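Only one structure is covered here, and it is reproduced in the block below.
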Amino acid sequence: MKEIEIQELQTWKDQYPLLNKLISMDEVFWLNPNVEKFQTGIKKSPLTQEDVRDAEERLKRFAPYIAKVFPETKGSNGIIESPLVRIPSMKQSLEQEYQQPILGELLLKCDSHLPISGSIKARGGIYEILKHAEDLAFQHQLLTIQDDYSILDSDRFRTFFSQYSIAVGSTGNLGLSIGIISAKLGFNVSVHMSADAKQWKKDLLRSKNVKVIEYEADYSKAVEEGRIQADSDPTCYFVDDENSHDLFLGYAVAASRLKKQLEELEITIDENHPLFVYLPCGVGGGPGGVAFGLKLLYQDHVHCFFAEPTHSPCMLLGLMTGLHDKVSVQDLGIDNVTDADGLAVGKPSGFVGKTIEPFLSGNYTVSDEQLYKLLKELVDTEGIHLEPSALAGMIGPSKLCTEGIDYLQKHSLTEKMSKGTHIIWGTGGSMVPEEMKNQYYQKGLNLALDKQK
């Protein structure tokens, strides 16, 4: 899209007053005026519960292979899943910091500790490559649905897959998941990395025999170049983070797993016990898929909010204006420069934005400074280390209780909050090198001390 004309921008500002704060890169809290009842919203969706079940079954078929080649998944029998933990001390800290009680329980979904690639991308990214591998093996009659998929761990299959290549554009975590699983299966894999991708992620991929191609531009350029590579090679499969239904479905499977975990913790979700989920958002696939899966299960009893950096509020901008992927943050003069590397995206997925629009309760932004302070506080209170981008969800409950009062009243939630449950989706961090973890913590500590002065 061309640079937005001054006159057009002024019209937008008149229509969407929140744009002024967005352009100033202030923290904002936005409620989605297009959110609908589940039963009407689901009729607009290109995907169904059956699609999610199909993805779930496929992951079960691959579980014997995953357990065999990734020993860290043996305890879960090859199912890639993360812990759900209560964080009462962090809750207390947030209540003190924001002078606002958080009614209901506060839990952290630790996708930061997912095996294999240590982030939420271990869901969608790994699922899409497994599906592609299965499709190829079926086409060449090397595999049937009845087989024990652990046979994929053999020279025969690695040699077969070595005839094919995989390409993906990434700010880091998607590249890790795609690179690790593709190389393990035997594919030739290229990860096109944007300028904001962390060096340790590039180094780790190269250590796994993954080809890393670096760009001085942002995420959109990395994706564009990955797509060009795939288009010029008929044996190359492109993982399209912006438009992939398979990635989205891989993330959506998280919902039924979460349901079991909530039941194990004896946490009820129903009309009188609402669930609130806060998801860091970049291009949108991960949070969109999770939110979609949760809506299928809990319908109007779950309320999902996306969280983005103040310097990269692409999904919020796309949803607010209704332009989705036809507008970028750069069009408004927002620089898309943030330490939350996984969320440094200038233009959202149009597919995700349109799919999730009827289901998403709202969206808010958070500054990099806040992310570091929250990171430090989570280490101090709970001993849990996340990467900066993974903390974006953490202030969601506090913001909802102060800036989302209209939403709570409109949906008759005010009286039910004390029986509710808040889940912060911790999207990545366990694979961050110790030295980097210490740097992140120190930065958070310095910011906290500066505030006290």
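By convention in this document, the chains of the structure tokens carry letters A, B, ... by their order, each chain's residues are numbered from 1, and ligands are numbered from 1 in the order they are shown.
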Residues of segment 335-371 of chain A at most 7 Å from segment 31-42 of chain A: nearest atom pair and distance in Å, only C-alpha atoms, as JSON lines:
{"residue": "A:Glu357", "atom": "CA", "partner": "A:Val35", "partner_atom": "CA", "distance": 6.5}
{"residue": "A:Pro358", "atom": "CA", "partner": "A:Val35", "partner_atom": "CA", "distance": 4.5}
{"residue": "A:Phe359", "atom": "CA", "partner": "A:Val35", "partner_atom": "CA", "distance": 5.5}
{"residue": "A:Leu360", "atom": "CA", "partner": "A:Val35", "partner_atom": "CA", "distance": 6.0}
{"residue": "A:Ser361", "atom": "CA", "partner": "A:Asn32", "partner_atom": "CA", "distance": 5.5}
{"residue": "A:Gly362", "atom": "CA", "partner": "A:Leu31", "partner_atom": "CA", "distance": 4.3}
{"residue": "A:Asn363", "atom": "CA", "partner": "A:Leu31", "partner_atom": "CA", "distance": 6.5}
As a list in words, please: the residues near Asp155 of chain A (cut-off 12 Å, only C-alpha atoms, same-chain neighbours under 5 positions excluded). Phe160, Phe161, Ser162, Lys184, Leu185 and Gly186 of chain A
Kindly assemble as a tab-separated table a list of the segment 126-215 of chain A residues that lie within 10 Å of segment 345-349 of chain A, each paired with its nearest atom pair and their distance in Å to one decimal, using only C-alpha atoms, sorted first by chain and then by ascending residue number.
residue	atom	partner	partner_atom	distance
A:Ser170	CA	A:Val345	CA	9.9
A:Thr171	CA	A:Val345	CA	8.4
A:Ser194	CA	A:Val345	CA	10.0
A:Asp196	CA	A:Val345	CA	10.0
If you run DSSP on the backbone here, which positions in segment 76-145 of chain A get strand (DSSP E)? Please write them as a PyMOL selection string. chain A and resi 84-86+105-110
Leaving out segment 289-300 of chain A and any residue of its chain fewer than 5 positions from it, which residues lie within 7 Å of it when counting only C-alpha atoms, given as a PyMOL selection string? chain A and resi 37-38+49+248-249+251-255+356
